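Here's the structure we're looking at; comments come further down.
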Amino acid sequence: MLRIGRTRRVLVHRRRLSPPLCVLLFATFALTARGADWPNWRGPDHNGISAESDWLDHWPAGGPPVAWKANVGIGFSGFCVAEGRVYTAGNADETDTLFCFDAASGRPLWKYSYPAELGDKYFEGGPTATAACEAGRVYFDSRWGDVFCFDAVTGKVIWTTQVQRETGCHVPDWGFAGSPLLFRNLVVLNVGDAGVALDKATGKIVWKSGKKDAGYSTPVPVQFNGRSIGVFADGAAYLAVDLETGKELWRVRWLTQGGINVADPLVSGDKVMISSGYGKGSELLKMNADAEPTRVWKNREFSTHISPGVLLGHYVYGDSGQASEGGPLVCVDFDTGEQKWEYPHVGSGGLTAAGGKLIAMTERGEILVGPASPDGFHPTARAQVLGGKTWAPPVLANGRIYVRNAAGDIVCLDVSKK
Amino acid sequence: MTPTRRQFIQSAAAASAVLGAPFILSAQQAGQRKFKTALIGCGWWGRNILREAIESKRCDITALCDVDERVLEQTQDQVNDLTGSTPKTFKDFRELLDRGKPDIAIIATPDHWHALQSIAALKAGAHVYVEKPTGHTVNESRAVVKAARDTGKVVQVGLHRRVSPHHVSARRLFQAGDVGQLGMVRCFVDAGGGKESPAENAEPPEGMDWDMWCGPGPLRPYNGKLHPGGWRNFLDYANGQLGDWGVHWLDQVQWFTGEKYPKRIFSSAGRPIKGPPVNDGKRMTGDAPDHQVVVYEFEQFTCTWEHRQFAGNATEKHRLGVYFYGTQGILHVGWRDGWTFYPTTGNKTVHEDAQLEQPDGHNIKLLWADFLAAIDERRRPVADIEPAHRASAMAMLGMLSWKAGRSLTWDGDKEQIVGDPEANAMLARVYRKPWVYPAL
């Protein structure tokens, strides 16, 4: 199986190159140190892993230099970094605002505001989706179903659709939390009981699903047996749809307290790992030729409440336990479900991986960096970079790490090798 | 004076020594009995209790009730996952009691349902584990006490701070006289927060019986602020922070001191930070106060309750709990921070850590064990309905004083407000039809 989109193109290219040329090309790439963009939630490959390897993973006691800081208002929206610009959002005074900053300097470039409830039941509230950027356009969705397409440079609105009104779908209890998935000509969103797709050019609905509660995850695109499928959660299941048509291919009943299925599935080959909080635990599913899944293992302990883990080789690294309860970062064998280790008191801060290393945030705003290994987690660098609560995973792009807290304080750390 | 728990345990131990082997044998036999157990109200907290019922290995979960089909299905799935059995599901608790005939009913619905459902469960022959507070207005809570005594069934109220190890040891310290003569008590829960934004009303989720959710309370439009969770902030269905944390801490005051009720009550409260309540048919906020102070005058000391949902509490070490102020020092009893005694002598502070169960940091396991033991031994449980009613009433009277806008003189033996017919009428409320307010 190949992942669709960017990765596939890279892999196809690689096949055509002779090995020495390939090495040369990669060496050149590293020397130019352009790093990599992070154009959407979970990055270019939709898996929380950055291709960047040439960055500083050992810091002085005070942490790496802070390149810039800003505040965007309350929320959990993550970072989209593309073409030298970074986008994230927050809420203040019943208004959501999507901000565009210069990625290097933090200079505000544009912002766009629209009325939106804070929606602060049992958490701070504010927007939870992360913008997605492609071909000079930025796509973003609110928790209440407002979907926007902007000119990435000017911030001009190209189209907007109120997808909740258009579909009549029930707003799940914490709103539509998933981020847009850009797939060919479509913007795919976790709205309804098996997603909705809008035309990228116009915002018109191309396909939709039933009106029952969506889950809170973002569709993960997977290429399986020649078909492009999206795997995500609704309020009562993890499921897969044909991304082109919206046809539902399978669903695995997955009832979590409050319908709170948040974490994106982790996919490798024909295997799909799903996990939720509230003691639900995790399971590994194996798809057959028709993409229908059967259950392989179950682990009641590894329970992802908010932020999905990352899969590196045969091992999953992820936060386990309920947010605000200071649960551990754990490592689980993807093939067997066996836990390898746990590193305590991390909470639901979220993590990404780059160059074989984990970049993990604690829920209290400390950033930890260390090698990803099934033998244990031993941070080589750490820094208290934020206060308050952090749920948005850190993002590494072009030698910068971007982090934020619920109050909307943003810190951009310079981890480039100058 | 009623015996304290310690005295009770001592006398129970003495009784068992006198009775000898037969007493122990009967306890063992009783220990093998399994209870058909039903859960009414399958939200977050109800399921926490349910898990302990399952883990006790003495309860077969045979029936579940919730007005939200989604929640019902999730809970059934969870029980099946944990036990392999599939309980019957009901959206109407009357049907559950009628057809399910449980030995034990756990009631973990919003507060405005506690009294009616407890009484119905008791009359249907079940022992009851009900969440605090024991009612939404004082008289319906009294009616639960009466139903419990009339039926002779055990009613355990979810005041788990009566079994948590650090509360038990703090009480021992207090009752041994270490704090000296008590002059004042302060109960408090303080947090940060700001203005409350209204949320739009919406259609209830598919398969939800919203009318039944509102039940004896007013029929409000559906709003995500009310369900799931959130109803505590609405005085139609609950009593705000006072009806939540307040009951726990006020119960501690009664349980530590042995005092049954205050003689005079006055409350001031408001929503200066959250803003005026909104309920305009389109949008809603809660209407519970964002801060509240209640002064309770007891025979020997003054007790205050204070909650605040703004500004945090950075000037103090403790964010919530009870301070007992005595001639020998200050005893703070908290939650995750255990208890700490600050002597007036300048001696070192004495501290004991909390011993809490995960994931939610309470001690439901111990409270559940006591509940089953009380059924086996035909005794009153540690959080019996009667003291739990008195603690709940104390919270409700605080809210009543604020609503009435004046101080109340309370005759705790007759459970009447003295010389104030208008306030007395507020000890009950008019139910929405067809629900009938329980008779005393």
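Ordering of the structure tokens sets the chain letters (A, B, ...); residue numbers start at 1 within each chain; ligands are numbered from 1 in the order shown.
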Find the residues of chain B that sit at most 12 Å from chain A; for each, write down the nearest two atoms and how far apart they are in Å, to one decimal. Count only C-alpha atoms. Sort by chain, then by number going up, and give it as a Markdown table.
```
| residue | atom | partner | partner_atom | distance |
| --- | --- | --- | --- | --- |
| B:Cys42 | CA | A:Gln257 | CA | 9.5 |
| B:Gly43 | CA | A:Gln257 | CA | 7.9 |
| B:Trp44 | CA | A:Gln257 | CA | 7.2 |
| B:Trp45 | CA | A:Gln257 | CA | 10.8 |
| B:Gly46 | CA | A:Gln257 | CA | 11.3 |
| B:Arg47 | CA | A:Gln257 | CA | 9.1 |
| B:Asn48 | CA | A:Tyr278 | CA | 10.1 |
| B:Arg51 | CA | A:Gly279 | CA | 10.7 |
| B:Asp68 | CA | A:Gly258 | CA | 10.5 |
| B:Glu69 | CA | A:Gly258 | CA | 11.3 |
| B:Arg70 | CA | A:Gly259 | CA | 7.8 |
| B:Val71 | CA | A:Gly258 | CA | 6.8 |
| B:Leu72 | CA | A:Gln257 | CA | 9.9 |
| B:Glu73 | CA | A:Leu255 | CA | 7.7 |
| B:Gln74 | CA | A:Leu255 | CA | 5.0 |
| B:Thr75 | CA | A:Gln257 | CA | 7.6 |
| B:Gln76 | CA | A:Leu255 | CA | 9.4 |
| B:Asp77 | CA | A:Leu255 | CA | 6.9 |
| B:Gln78 | CA | A:Leu255 | CA | 7.8 |
| B:Val79 | CA | A:Leu255 | CA | 11.4 |
| B:Asn80 | CA | A:Leu255 | CA | 11.5 |
| B:Asp81 | CA | A:Lys280 | CA | 9.4 |
| B:Leu82 | CA | A:Arg300 | CA | 10.4 |
| B:Gly192 | CA | A:Glu124 | CA | 11.0 |
| B:Gly193 | CA | A:Glu124 | CA | 9.3 |
| B:Gly194 | CA | A:Glu124 | CA | 10.4 |
| B:Lys195 | CA | A:Asp93 | CA | 9.3 |
| B:Glu196 | CA | A:Asp120 | CA | 8.6 |
| B:Ser197 | CA | A:Leu118 | CA | 6.6 |
| B:Pro198 | CA | A:Glu117 | CA | 7.4 |
| B:Ala199 | CA | A:Glu117 | CA | 6.5 |
| B:Glu200 | CA | A:Glu117 | CA | 8.4 |
| B:Asn201 | CA | A:Val171 | CA | 11.3 |
| B:Ala202 | CA | A:His170 | CA | 8.7 |
| B:Glu203 | CA | A:His170 | CA | 8.0 |
| B:Pro204 | CA | A:His170 | CA | 8.9 |
| B:Pro205 | CA | A:His170 | CA | 7.1 |
| B:Glu206 | CA | A:Lys212 | CA | 7.3 |
| B:Gly207 | CA | A:Lys212 | CA | 10.3 |
| B:Tyr222 | CA | A:Asp173 | CA | 11.9 |
| B:Asn223 | CA | A:Asp173 | CA | 9.7 |
| B:Gly224 | CA | A:Asp173 | CA | 6.3 |
| B:Lys225 | CA | A:Lys121 | CA | 6.9 |
| B:Leu226 | CA | A:Lys121 | CA | 9.8 |
| B:His227 | CA | A:Asp173 | CA | 8.4 |
| B:Pro228 | CA | A:Asp173 | CA | 7.6 |
| B:Gly229 | CA | A:Lys121 | CA | 8.7 |
| B:Gly230 | CA | A:Lys121 | CA | 7.3 |
| B:Trp231 | CA | A:Lys121 | CA | 10.9 |
| B:Arg232 | CA | A:Lys121 | CA | 11.9 |
| B:Asn233 | CA | A:Lys121 | CA | 11.1 |
| B:Arg283 | CA | A:Glu117 | CA | 10.7 |
| B:Met284 | CA | A:Glu117 | CA | 11.5 |
| B:Thr285 | CA | A:Gly119 | CA | 11.0 |
| B:Gly286 | CA | A:Lys121 | CA | 11.4 |
| B:Arg336 | CA | A:Glu325 | CA | 11.7 |
| B:Gln358 | CA | A:Glu325 | CA | 9.3 |
| B:Pro359 | CA | A:Glu325 | CA | 7.8 |
| B:Asp360 | CA | A:Glu325 | CA | 8.2 |
| B:Gly361 | CA | A:Glu325 | CA | 9.2 |
```
Query raised in the report: Got a sec to tell me which of region 72-221 of chain B DSSP assigns to strand (DSSP E or B), as an MDAnalysis selection string?
Result: chainID B and resid 88:90 104:107 127:130 155:157 182:191 199:201 208
**Report entry** Separation of CA of Asp141 (chain A) from CA of Ala103 (chain A) in Å
**Finding:**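 Calculated distance between CA of Ala103 (chain A) and CA of Asp141 (chain A) is 21.3 Å.
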Requested in this report: Take CA of Tyr342 (chain B) and CA of His318 (chain B) and report the distance between them in Å, one decimal.
Outcome: 12.9 Å
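Proximity ranking of A:Pro308, A:Gly246, A:Gly106, A:Gly215 relative to Asp264 (chain A) places A:Pro308 first, based on only C-alpha atoms.
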